[in-house]
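Participant: Contents are TSV, C-alpha atoms; file name my_file-v3.tsv:
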chain	number	residue	atom	x	y	z
D	3	MET	CA	64.97	88.63	88.38
D	4	THR	CA	65.13	89.87	84.80
D	5	VAL	CA	68.31	91.83	85.50
D	6	CYS	CA	69.89	88.80	87.17
D	7	LEU	CA	69.10	86.57	84.19
D	8	LEU	CA	70.48	89.12	81.74
D	9	LEU	CA	73.69	89.55	83.74
D	10	LEU	CA	74.12	85.79	84.09
D	11	SER	CA	73.62	85.39	80.35
D	12	ALA	CA	76.20	88.09	79.64
D	13	VAL	CA	78.79	86.50	81.93
D	14	ALA	CA	78.16	83.03	80.48
D	15	LEU	CA	78.41	84.21	76.88
D	16	THR	CA	81.61	86.15	77.62
D	17	ALA	CA	83.23	83.16	79.31
D	18	ALA	CA	82.05	80.75	76.60
D	19	LEU	CA	82.85	82.69	73.42
D	20	PRO	CA	85.60	85.37	73.34
D	21	VAL	CA	87.65	84.38	76.40
D	22	PRO	CA	88.45	80.80	75.26
D	23	ARG	CA	89.56	82.04	71.84
D	24	ALA	CA	91.88	84.58	73.47
D	25	LEU	CA	93.24	81.97	75.86
D	26	THR	CA	94.07	79.52	73.07
D	27	ARG	CA	96.05	82.24	71.28
D	28	ALA	CA	98.01	83.20	74.40
D	29	ALA	CA	101.60	82.00	74.80
D	30	TRP	CA	101.82	81.85	78.59
D	31	PRO	CA	99.86	78.56	79.11
D	32	GLU	CA	102.79	76.66	77.63
D	33	ARG	CA	105.04	78.20	80.28
D	34	ASP	CA	102.87	77.01	83.16
D	35	PRO	CA	100.37	74.33	82.11
D	36	VAL	CA	99.19	73.70	85.69
D	37	VAL	CA	98.01	77.29	86.05
D	38	ALA	CA	96.50	77.15	82.55
D	39	LEU	CA	94.51	74.04	83.50
D	40	TRP	CA	93.23	75.88	86.58
D	41	VAL	CA	92.14	78.84	84.44
D	42	TRP	CA	90.25	76.56	82.04
D	43	GLN	CA	88.51	74.81	84.93
D	44	CYS	CA	87.47	78.15	86.42
D	45	LEU	CA	86.03	79.28	83.08
D	46	VAL	CA	84.00	76.09	82.76
D	47	ALA	CA	82.84	76.39	86.37
D	48	THR	CA	81.74	79.97	85.69
D	49	VAL	CA	79.57	78.97	82.73
D	50	LEU	CA	78.08	76.00	84.56
D	51	LEU	CA	77.31	78.13	87.64
D	52	CYS	CA	75.64	80.74	85.42
D	53	CYS	CA	73.46	78.05	83.89
D	54	VAL	CA	72.55	76.51	87.25
D	55	ALA	CA	71.77	79.90	88.80
D	56	GLY	CA	69.70	80.91	85.77
D	57	LEU	CA	67.83	77.61	85.89
D	58	VAL	CA	66.98	78.02	89.59
D	59	LEU	CA	65.84	81.62	89.21
D	60	GLY	CA	63.86	80.86	86.06
D	61	ALA	CA	62.19	77.81	87.59
D	62	ALA	CA	61.33	79.84	90.71
D	63	ALA	CA	59.70	82.49	88.52
D	64	VAL	CA	57.74	80.02	86.40
D	65	PHE	CA	56.73	77.42	88.99
D	66	HIS	CA	55.22	78.39	92.33
D	67	THR	CA	56.25	75.10	93.92
D	68	VAL	CA	59.91	75.72	93.13
D	69	ARG	CA	59.60	79.32	94.34
D	70	ASP	CA	58.15	78.23	97.66
D	71	ARG	CA	60.93	75.70	98.21
D	72	VAL	CA	63.78	78.00	97.18
D	73	PHE	CA	62.65	80.99	99.23
D	74	ALA	CA	61.07	79.08	102.15
D	75	PRO	CA	63.86	79.93	104.65
D	76	ALA	CA	64.11	83.57	103.49
D	77	PRO	CA	62.13	86.57	104.77
D	78	PRO	CA	59.36	87.89	102.47
D	79	ALA	CA	61.48	90.94	101.61
D	80	VAL	CA	64.08	88.70	99.95
D	81	ALA	CA	61.53	87.01	97.67
D	82	ALA	CA	60.04	90.41	96.84
D	83	ALA	CA	63.50	91.72	95.85
D	84	TYR	CA	63.67	89.22	92.97
D	85	ASP	CA	60.23	90.23	91.61
D	86	LEU	CA	59.33	86.67	90.60
D	87	SER	CA	55.61	87.32	90.21
D	88	ALA	CA	55.80	88.67	86.65
D	89	ALA	CA	58.06	86.35	84.66
D	90	PRO	CA	58.40	87.29	80.97
D	91	VAL	CA	57.84	84.70	78.26
D	92	TRP	CA	61.52	84.61	77.32
D	93	ALA	CA	62.38	83.64	80.91
D	94	ALA	CA	60.17	80.57	80.62
D	95	VAL	CA	61.81	79.65	77.29
D	96	LEU	CA	65.27	80.18	78.79
D	97	THR	CA	64.36	78.01	81.78
D	98	LEU	CA	63.21	75.21	79.48
D	99	LEU	CA	66.44	75.41	77.45
D	100	LEU	CA	68.58	75.40	80.60
D	101	ALA	CA	66.67	72.41	81.98
D	102	CYS	CA	67.22	70.50	78.73
D	103	GLY	CA	70.90	71.50	78.79
D	104	ALA	CA	71.29	70.30	82.38
D	105	ALA	CA	69.69	66.95	81.56
D	106	TRP	CA	71.84	66.56	78.45
D	107	THR	CA	75.03	67.45	80.36
D	108	THR	CA	74.21	64.89	83.04
D	109	ALA	CA	73.53	62.26	80.39
D	110	MET	CA	76.80	62.96	78.56
D	111	LEU	CA	78.83	62.88	81.75
D	112	GLY	CA	77.17	59.65	82.84
D	113	ARG	CA	77.81	58.09	79.44
D	114	GLU	CA	81.46	59.15	79.49
D	115	LEU	CA	82.00	57.72	82.98
D	116	ALA	CA	80.24	54.48	82.05
D	117	GLU	CA	82.32	54.18	78.87
D	118	ALA	CA	85.53	54.88	80.82
D	119	ARG	CA	84.61	52.21	83.35
D	120	ARG	CA	83.90	49.76	80.54
D	121	ARG	CA	87.26	50.52	78.89
D	122	ARG	CA	89.08	50.05	82.20
D	123	GLY	CA	87.32	46.73	82.71
D	124	LEU	CA	88.35	45.53	79.26
D	125	ALA	CA	91.91	46.71	79.82
D	126	ARG	CA	92.16	44.91	83.16
D	127	ALA	CA	90.69	41.75	81.65
D	128	HIS	CA	93.29	41.95	78.86
D	129	LEU	CA	96.04	42.40	81.45
D	130	ARG	CA	94.82	39.36	83.39
D	131	GLU	CA	95.11	37.31	80.20
D	132	ARG	CA	98.63	38.54	79.47
D	133	ALA	CA	99.79	38.46	83.11
D	134	PRO	CA	97.68	35.84	84.94
D	135	ASP	CA	97.75	35.50	88.70
D	136	LEU	CA	100.33	33.15	90.17
D	137	PRO	CA	99.29	29.66	91.28
D	138	ALA	CA	97.87	29.10	94.75
D	139	GLY	CA	100.46	29.28	97.50
D	140	LEU	CA	102.44	32.05	95.81
D	141	PRO	CA	101.94	35.77	96.45
D	142	ALA	CA	98.94	36.88	94.38
D	143	ALA	CA	98.85	40.58	95.24
D	144	ARG	CA	99.91	42.89	92.45
D	145	GLY	CA	102.06	45.89	93.18
D	146	PRO	CA	101.61	49.39	91.77
D	147	MET	CA	103.73	48.47	88.70
D	148	LEU	CA	103.23	45.60	86.28
D	149	VAL	CA	105.82	44.54	83.70
D	150	LEU	CA	104.44	42.94	80.52
D	151	GLU	CA	106.43	40.75	78.17
D	152	ASP	CA	106.19	42.73	74.92
D	153	GLU	CA	108.78	43.93	72.42
D	154	TYR	CA	106.66	47.04	71.78
D	155	PRO	CA	108.08	49.83	73.99
D	156	ASP	CA	105.27	51.44	75.98
D	157	ALA	CA	104.31	52.65	79.44
D	158	TRP	CA	100.97	53.89	80.70
D	159	TRP	CA	99.00	54.46	83.86
D	160	LEU	CA	95.78	52.48	84.27
D	161	PRO	CA	93.42	54.39	86.61
D	162	GLY	CA	90.99	52.62	88.87
D	163	HIS	CA	91.03	50.85	92.22
D	164	PRO	CA	93.80	50.11	92.65
D	165	PRO	CA	95.62	52.19	90.00
D	166	GLN	CA	98.46	50.46	88.22
D	167	LEU	CA	101.48	51.48	86.18
D	168	ILE	CA	102.11	49.23	83.16
D	169	VAL	CA	105.56	48.97	81.55
D	170	THR	CA	106.54	46.62	78.74
D	171	THR	CA	109.84	44.78	78.53
D	172	GLY	CA	110.44	46.60	75.26
D	173	ALA	CA	110.49	49.88	77.19
D	174	LEU	CA	112.83	48.39	79.81
D	175	HIS	CA	115.27	47.29	77.08
D	176	ARG	CA	115.12	50.57	75.16
D	177	LEU	CA	115.32	53.05	78.05
D	178	THR	CA	118.22	53.75	80.38
D	179	GLY	CA	117.65	53.74	84.12
D	180	HIS	CA	117.31	57.53	84.32
D	181	GLN	CA	115.01	57.62	81.29
D	182	LEU	CA	112.79	54.94	82.83
D	183	ASP	CA	112.62	56.97	86.04
D	184	ALA	CA	111.51	59.99	84.00
D	185	VAL	CA	108.78	57.97	82.30
D	186	LEU	CA	107.55	56.65	85.64
D	187	ALA	CA	107.55	60.18	87.09
D	188	HIS	CA	105.54	61.39	84.09
D	189	GLU	CA	102.87	58.71	84.56
D	190	ARG	CA	102.76	59.22	88.33
D	191	GLY	CA	102.27	62.92	87.69
D	192	HIS	CA	99.09	62.06	85.76
D	193	ALA	CA	97.89	59.86	88.59
D	194	ARG	CA	98.59	62.32	91.43
D	195	ALA	CA	96.84	65.17	89.63
D	196	HIS	CA	93.83	62.95	88.71
D	197	HIS	CA	94.12	64.00	85.08
D	198	ASP	CA	91.78	61.19	84.06
D	199	TRP	CA	88.84	63.00	85.73
D	200	LEU	CA	89.68	66.22	83.89
D	201	LEU	CA	89.81	64.33	80.60
D	202	HIS	CA	86.45	62.66	81.26
D	203	LEU	CA	84.80	66.00	82.10
D	204	SER	CA	86.22	67.82	79.09
D	205	THR	CA	85.33	64.97	76.73
D	206	ALA	CA	81.76	64.79	78.03
D	207	LEU	CA	81.19	68.54	77.63
D	208	ALA	CA	82.76	68.65	74.17
D	209	THR	CA	80.72	65.63	73.06
D	210	GLY	CA	77.48	67.07	74.38
D	211	PHE	CA	78.04	70.64	73.13
D	212	PRO	CA	80.53	70.48	70.24
D	213	ARG	CA	79.56	73.92	68.90
D	214	VAL	CA	80.26	75.75	72.17
D	215	PRO	CA	83.80	77.18	71.78
D	216	LEU	CA	84.59	76.95	75.49
D	217	PHE	CA	83.86	73.24	75.73
D	218	ALA	CA	85.56	72.39	72.42
D	219	HIS	CA	88.71	74.33	73.35
D	220	PHE	CA	88.59	72.98	76.92
D	221	CYS	CA	88.72	69.42	75.60
D	222	ASP	CA	91.57	70.11	73.16
D	223	GLN	CA	93.62	72.13	75.62
D	224	THR	CA	93.09	69.68	78.49
D	225	HIS	CA	94.48	66.78	76.44
D	226	ARG	CA	97.49	68.95	75.57
D	227	LEU	CA	98.11	70.63	78.92
D	228	VAL	CA	97.95	67.47	81.04
D	229	GLU	CA	100.81	66.04	78.98
D	230	LEU	CA	102.85	69.23	79.36
D	231	ALA	CA	102.19	69.27	83.09
D	232	ALA	CA	103.30	65.64	83.45
D	233	ASP	CA	106.40	66.42	81.34
D	234	ASP	CA	107.23	69.25	83.75
D	235	THR	CA	106.84	66.90	86.73
D	236	ALA	CA	109.29	64.45	85.18
D	237	SER	CA	111.77	67.09	83.97
D	238	ARG	CA	111.96	68.82	87.35
D	239	ARG	CA	113.08	65.55	88.94
D	240	HIS	CA	115.16	63.98	86.19
D	241	GLY	CA	116.12	66.79	83.83
D	242	HIS	CA	114.71	68.13	80.58
D	243	LEU	CA	117.16	66.28	78.33
D	244	THR	CA	116.58	62.92	80.00
D	245	THR	CA	112.81	63.31	79.76
D	246	ALA	CA	113.02	64.37	76.10
D	247	LEU	CA	115.23	61.40	75.22
D	248	ALA	CA	112.86	59.04	77.03
D	249	LEU	CA	109.93	60.48	75.09
D	250	ILE	CA	111.80	60.02	71.81
D	251	GLU	CA	112.86	56.46	72.63
D	252	LEU	CA	109.31	55.45	73.49
D	253	ASN	CA	107.73	57.10	70.44
D	254	GLN	CA	110.28	57.17	67.60
D	255	HIS	CA	108.69	54.10	66.01
D	256	ARG	CA	105.43	56.11	65.86
D	257	GLY	CA	107.05	59.01	64.01
D	258	VAL	CA	107.44	61.38	66.93
D	259	LEU	CA	109.09	64.03	64.77
D	260	SER	CA	106.70	63.73	61.84
D	261	CYS	CA	104.27	66.45	60.82
D	262	ALA	CA	101.17	64.29	61.04
D	263	SER	CA	98.48	65.89	63.18
D	264	SER	CA	98.29	62.88	65.51
D	265	HIS	CA	102.02	63.14	66.22
D	266	ARG	CA	102.31	66.92	66.29
D	267	LEU	CA	101.86	67.12	70.04
D	268	LEU	CA	104.73	64.69	70.58
D	269	GLY	CA	107.00	66.87	68.48
D	270	GLU	CA	105.91	69.97	70.38
D	271	ARG	CA	106.60	68.25	73.69
D	272	VAL	CA	110.09	67.23	72.60
D	273	ASP	CA	110.88	70.75	71.36
D	274	ARG	CA	109.56	72.22	74.60
D	275	LEU	CA	111.72	69.89	76.69
D	276	LEU	CA	114.84	70.59	74.63
D	277	GLU	CA	114.24	74.35	74.78
D	278	PRO	CA	112.17	74.82	77.95
D	279	PRO	CA	110.35	78.17	78.18
D	280	PRO	CA	110.76	80.17	81.40
D	281	ARG	CA	108.08	79.50	83.99
D	282	LEU	CA	105.82	82.27	85.20
D	283	ASP	CA	107.30	84.15	88.11
D	284	ARG	CA	105.69	83.63	91.52
D	285	ARG	CA	103.87	86.97	91.49
D	286	ARG	CA	102.24	86.44	88.11
D	287	ARG	CA	101.48	82.82	88.92
D	288	ALA	CA	99.75	83.77	92.19
D	289	LEU	CA	97.90	86.67	90.54
D	290	THR	CA	96.62	84.53	87.66
D	291	THR	CA	95.52	81.77	90.04
D	292	ALA	CA	93.70	84.22	92.33
D	293	VAL	CA	91.93	86.09	89.52
D	294	ALA	CA	90.81	82.82	87.92
D	295	ALA	CA	89.46	81.63	91.27
D	296	LEU	CA	87.43	84.83	91.67
D	297	VAL	CA	85.73	84.57	88.27
D	298	PRO	CA	83.32	81.74	89.28
D	299	LEU	CA	82.17	83.95	92.15
D	300	LEU	CA	80.55	86.36	89.67
D	301	PRO	CA	77.46	84.19	89.06
D	302	LEU	CA	77.03	83.74	92.81
D	303	LEU	CA	77.37	87.47	93.42
D	304	ILE	CA	74.83	88.27	90.71
D	305	THR	CA	72.41	85.67	92.04
D	306	PHE	CA	72.56	86.62	95.71
D	307	ALA	CA	72.96	90.40	95.30
D	308	PRO	CA	69.20	91.27	95.34
D	309	GLY	CA	68.60	89.14	98.44
D	310	LEU	CA	71.60	90.52	100.29
D	311	THR	CA	70.54	94.06	99.38
D	312	ALA	CA	67.06	93.42	100.76
D	313	LEU	CA	68.49	92.07	104.01
D	314	GLY	CA	70.77	95.07	104.33
Just give me the structure of the file as structure tokens.
Facilitator:
Amino acid sequence: MTVCLLLLSAVALTAALPVPRALTRAAWPERDPVVALWVWQCLVATVLLCCVAGLVLGAAAVFHTVRDRVFAPAPPAVAAAYDLSAAPVWAAVLTLLLACGAAWTTAMLGRELAEARRRRGLARAHLRERAPDLPAGLPAARGPMLVLEDEYPDAWWLPGHPPQLIVTTGALHRLTGHQLDAVLAHERGHARAHHDWLLHLSTALATGFPRVPLFAHFCDQTHRLVELAADDTASRRHGHLTTALALIELNQHRGVLSCASSHRLLGERVDRLLEPPPRLDRRRRALTTAVAALVPLLPLLITFAPGLTALG
């Protein structure tokens, strides 16, 4: 058990500290943001699995009730392989810390989801005020797209049940037909990939553990990469130049090409669309995806190795 906890700690620290810093300095995520998002998710899954596995093993070593429940279906040789009878003091401390971390993570995720639901409710209430339902006798069902009377050019996807795409008349007047199609493809790309769930998860982890480099970088990179991925979805269907011009038309009143930190991502997106980097070739894309998918298996392998060895 001690060896398992040490190995799990080593894997978690490696995935949480040096790997995220190296990944943020790498240039290839900009070439394929979808693969980069997958790699970040696998890193986070690895750390969370290490923590869960460490919590289960530590609780089984400290509490006899937990041990009996965890190893009830297993032969006695499997429980003996983990040597849970003599748990060191540091294992009990680690178990307590992991339990507190699990409770805090659950609380942060619950708070983020509740806050997101509250924001969606307020947004839908605001939309009902600006676009009230038609009188009785006329069709009341709303389609997937809602056009608002507003000179301010904007378009956004409102998640929920049902999801809805909002476009202002200012955007319709400013954009050409092809540019509007690119904007709609961008927003639909967010919806199809369920980027809102990724953003909620990354925000909750970064809020709960702001000093953990993995979670802080995961939040920053997720907000950036989901936009690049949606840009790629739109540009593949409607062209890089059309998508870039649509982005400029929608955001030029906000200073899209300024150097302010809040607008820097918009400038980077425009530059990337005007000079698109080459995508990863199929071999490297498949290799990166497969290796990233194997990394979360390490905590499971470490956890189950003693039991499987005893059975063999």
Participant: Can you pull out the residues contacting Pro161 of chain D? Cut-off 9 Å, using only C-alpha atoms, and skip same-chain residues under 5 positions away; I want them as a list in words.
Facilitator: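 Within the cut-off, the hits are Arg122, Gln166, Leu167, Ala193, His196 and Asp198 of chain D.
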Participant: For Asp34 of chain D, which residue out of D:Ala157, D:Leu302, D:Ala295, D:Val228 is the nearest one, using all atoms listed in the file?
Facilitator: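 Among the listed residues, D:Val228 lies closest to Asp34 of chain D.
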Participant: Suppose you want the space between atom CA of Ala55 of chain D and atom CA of Gly112 of chain D; what is it in Å?
Facilitator: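 Rounded to one decimal, the two atoms are 21.8 Å apart.
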Participant: Calculated over only C-alpha atoms, which of the candidates D:Arg190, D:His225, D:His180, D:Arg33 has the smallest distance to Leu267 of chain D?
Facilitator: D:His225
Participant: Using all atoms listed in the file for the distances, tell me which of D:Cys6, D:Leu282, D:Ala232, D:Leu275 is nearest to Arg194 of chain D.
Facilitator: D:Ala232
Participant: Calculated over all atoms listed in the file, which of the candidates D:Ala231, D:Ala62, D:Ala127, D:Leu216 has the smallest distance to Val36 of chain D?
Facilitator: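 Once distances to Val36 of chain D are computed over all atoms listed in the file, the minimum belongs to D:Ala231.
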Participant: What gap, in Å, lies between atom CA of Val169 of chain D and atom CA of Val149 of chain D?
Facilitator: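 If I compute the distance from atom CA of Val169 of chain D to atom CA of Val149 of chain D, I get 4.9 Å.
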Participant: Select, from D:Leu243, D:Asp273, D:Ala82, D:Thr305, the residue with the minimum atom-to-atom distance to Val5 of chain D, counting only C-alpha atoms.
Facilitator: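 Among D:Leu243, D:Asp273, D:Ala82, D:Thr305, it is D:Thr305 that comes nearest to Val5 of chain D.
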Participant: Which is closest to Thr290 of chain D among D:Pro165, D:Arg120, D:Ala83, D:Val41, if we use all atoms listed in the file?
Facilitator: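 Closest to Thr290 of chain D, using all atoms listed in the file: D:Val41.
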Participant: Write out as a VMD selection string which residues come within 8 Å of Val80 of chain D when counting all atoms listed in the file, dropping same-chain ones fewer than 6 positions away.
Facilitator: chain D and resid 73 308 to 310 312 to 313
Participant: Neighbouring residues of His219 of chain D were defined as those with any atom within 9 Å, considering all atoms listed in the file; residues of the same chain fewer than 2 positions away were excluded. Please report them as a compact mmCIF listing (two decimals) with C-alpha atoms, keeping the file's coordinate frame.
Facilitator:
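What follows is the written file selection08.txt:
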# COMPACT_ATOMS: atom_id res chain seq x y z
CA PRO D 22 88.45 80.80 75.26
CA ARG D 23 89.56 82.04 71.84
CA THR D 26 94.07 79.52 73.07
CA ALA D 208 82.76 68.65 74.17
CA VAL D 214 80.26 75.75 72.17
CA PRO D 215 83.80 77.18 71.78
CA LEU D 216 84.59 76.95 75.49
CA PHE D 217 83.86 73.24 75.73
CA CYS D 221 88.72 69.42 75.60
CA ASP D 222 91.57 70.11 73.16
CA GLN D 223 93.62 72.13 75.62
CA THR D 224 93.09 69.68 78.49
Participant: State, in Å with one decimal place, the distance from atom CA of Glu189 of chain D to atom CA of Ala116 of chain D.
Facilitator: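 Rounded to one decimal, the two atoms are 23.2 Å apart.
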Participant: Determine, for each residue of segment 153-184 of chain D having at least one atom at most 12 Å from an atom of segment 236-239 of chain D, the closest pair of atoms and their separation in Å to one decimal, counting all atoms listed in the file; order by chain and ascending number, as JSON lines.
Facilitator:
{"residue": "D:His180", "atom": "CA", "partner": "D:Arg239", "partner_atom": "CA", "distance": 10.2}
{"residue": "D:Gln181", "atom": "CA", "partner": "D:Ala236", "partner_atom": "CA", "distance": 9.7}
{"residue": "D:Leu182", "atom": "CA", "partner": "D:Ala236", "partner_atom": "CA", "distance": 10.4}
{"residue": "D:Asp183", "atom": "CA", "partner": "D:Ala236", "partner_atom": "CA", "distance": 8.2}
{"residue": "D:Ala184", "atom": "CA", "partner": "D:Ala236", "partner_atom": "CA", "distance": 5.1}
Participant: Counting only C-alpha atoms, select every polymer residue within 12 Å of (56.2, 89.1, 85.2) as defined in the file's coordinates, and provide the selection as number ranges by chain.
Facilitator: D: 3-4, 60, 62-64, 84-94
Participant: Please, could N, CA and C atoms be added to segment 272-284 of chain D and the result written as a PDB file, in the coordinates of the input?
Facilitator:
ATOM      1  N   VAL D 272     108.642  67.411  72.681  1.00  0.00           N
ATOM      2  CA  VAL D 272     110.090  67.230  72.600  1.00  0.00           C
ATOM      3  C   VAL D 272     110.782  68.583  72.450  1.00  0.00           C
ATOM      4  N   ASP D 273     110.287  69.426  71.547  1.00  0.00           N
ATOM      5  CA  ASP D 273     110.880  70.750  71.360  1.00  0.00           C
ATOM      6  C   ASP D 273     110.817  71.566  72.646  1.00  0.00           C
ATOM      7  N   ARG D 274     109.704  71.465  73.356  1.00  0.00           N
ATOM      8  CA  ARG D 274     109.560  72.220  74.600  1.00  0.00           C
ATOM      9  C   ARG D 274     110.527  71.735  75.675  1.00  0.00           C
ATOM     10  N   LEU D 275     110.784  70.429  75.706  1.00  0.00           N
ATOM     11  CA  LEU D 275     111.720  69.890  76.690  1.00  0.00           C
ATOM     12  C   LEU D 275     113.169  70.242  76.331  1.00  0.00           C
ATOM     13  N   LEU D 276     113.475  70.261  75.042  1.00  0.00           N
ATOM     14  CA  LEU D 276     114.840  70.590  74.630  1.00  0.00           C
ATOM     15  C   LEU D 276     115.123  72.085  74.772  1.00  0.00           C
ATOM     16  N   GLU D 277     114.097  72.900  74.585  1.00  0.00           N
ATOM     17  CA  GLU D 277     114.240  74.350  74.780  1.00  0.00           C
ATOM     18  C   GLU D 277     113.129  74.815  75.723  1.00  0.00           C
ATOM     19  N   PRO D 278     113.261  74.533  77.010  1.00  0.00           N
ATOM     20  CA  PRO D 278     112.170  74.820  77.950  1.00  0.00           C
ATOM     21  C   PRO D 278     111.925  76.321  78.092  1.00  0.00           C
ATOM     22  N   PRO D 279     110.669  76.748  77.979  1.00  0.00           N
ATOM     23  CA  PRO D 279     110.350  78.170  78.180  1.00  0.00           C
ATOM     24  C   PRO D 279     110.437  78.526  79.665  1.00  0.00           C
ATOM     25  N   PRO D 280     110.704  79.778  79.984  1.00  0.00           N
ATOM     26  CA  PRO D 280     110.760  80.170  81.400  1.00  0.00           C
ATOM     27  C   PRO D 280     109.385  80.088  82.046  1.00  0.00           C
ATOM     28  N   ARG D 281     109.350  79.595  83.268  1.00  0.00           N
ATOM     29  CA  ARG D 281     108.080  79.500  83.990  1.00  0.00           C
ATOM     30  C   ARG D 281     107.627  80.899  84.406  1.00  0.00           C
ATOM     31  N   LEU D 282     106.344  81.020  84.666  1.00  0.00           N
ATOM     32  CA  LEU D 282     105.820  82.270  85.200  1.00  0.00           C
ATOM     33  C   LEU D 282     106.447  82.547  86.554  1.00  0.00           C
ATOM     34  N   ASP D 283     106.761  83.818  86.803  1.00  0.00           N
ATOM     35  CA  ASP D 283     107.300  84.150  88.110  1.00  0.00           C
ATOM     36  C   ASP D 283     106.218  83.975  89.178  1.00  0.00           C
ATOM     37  N   ARG D 284     106.631  83.933  90.430  1.00  0.00           N
ATOM     38  CA  ARG D 284     105.690  83.630  91.520  1.00  0.00           C
ATOM     39  C   ARG D 284     104.566  84.651  91.601  1.00  0.00           C
TER      40      ARG D 284
END
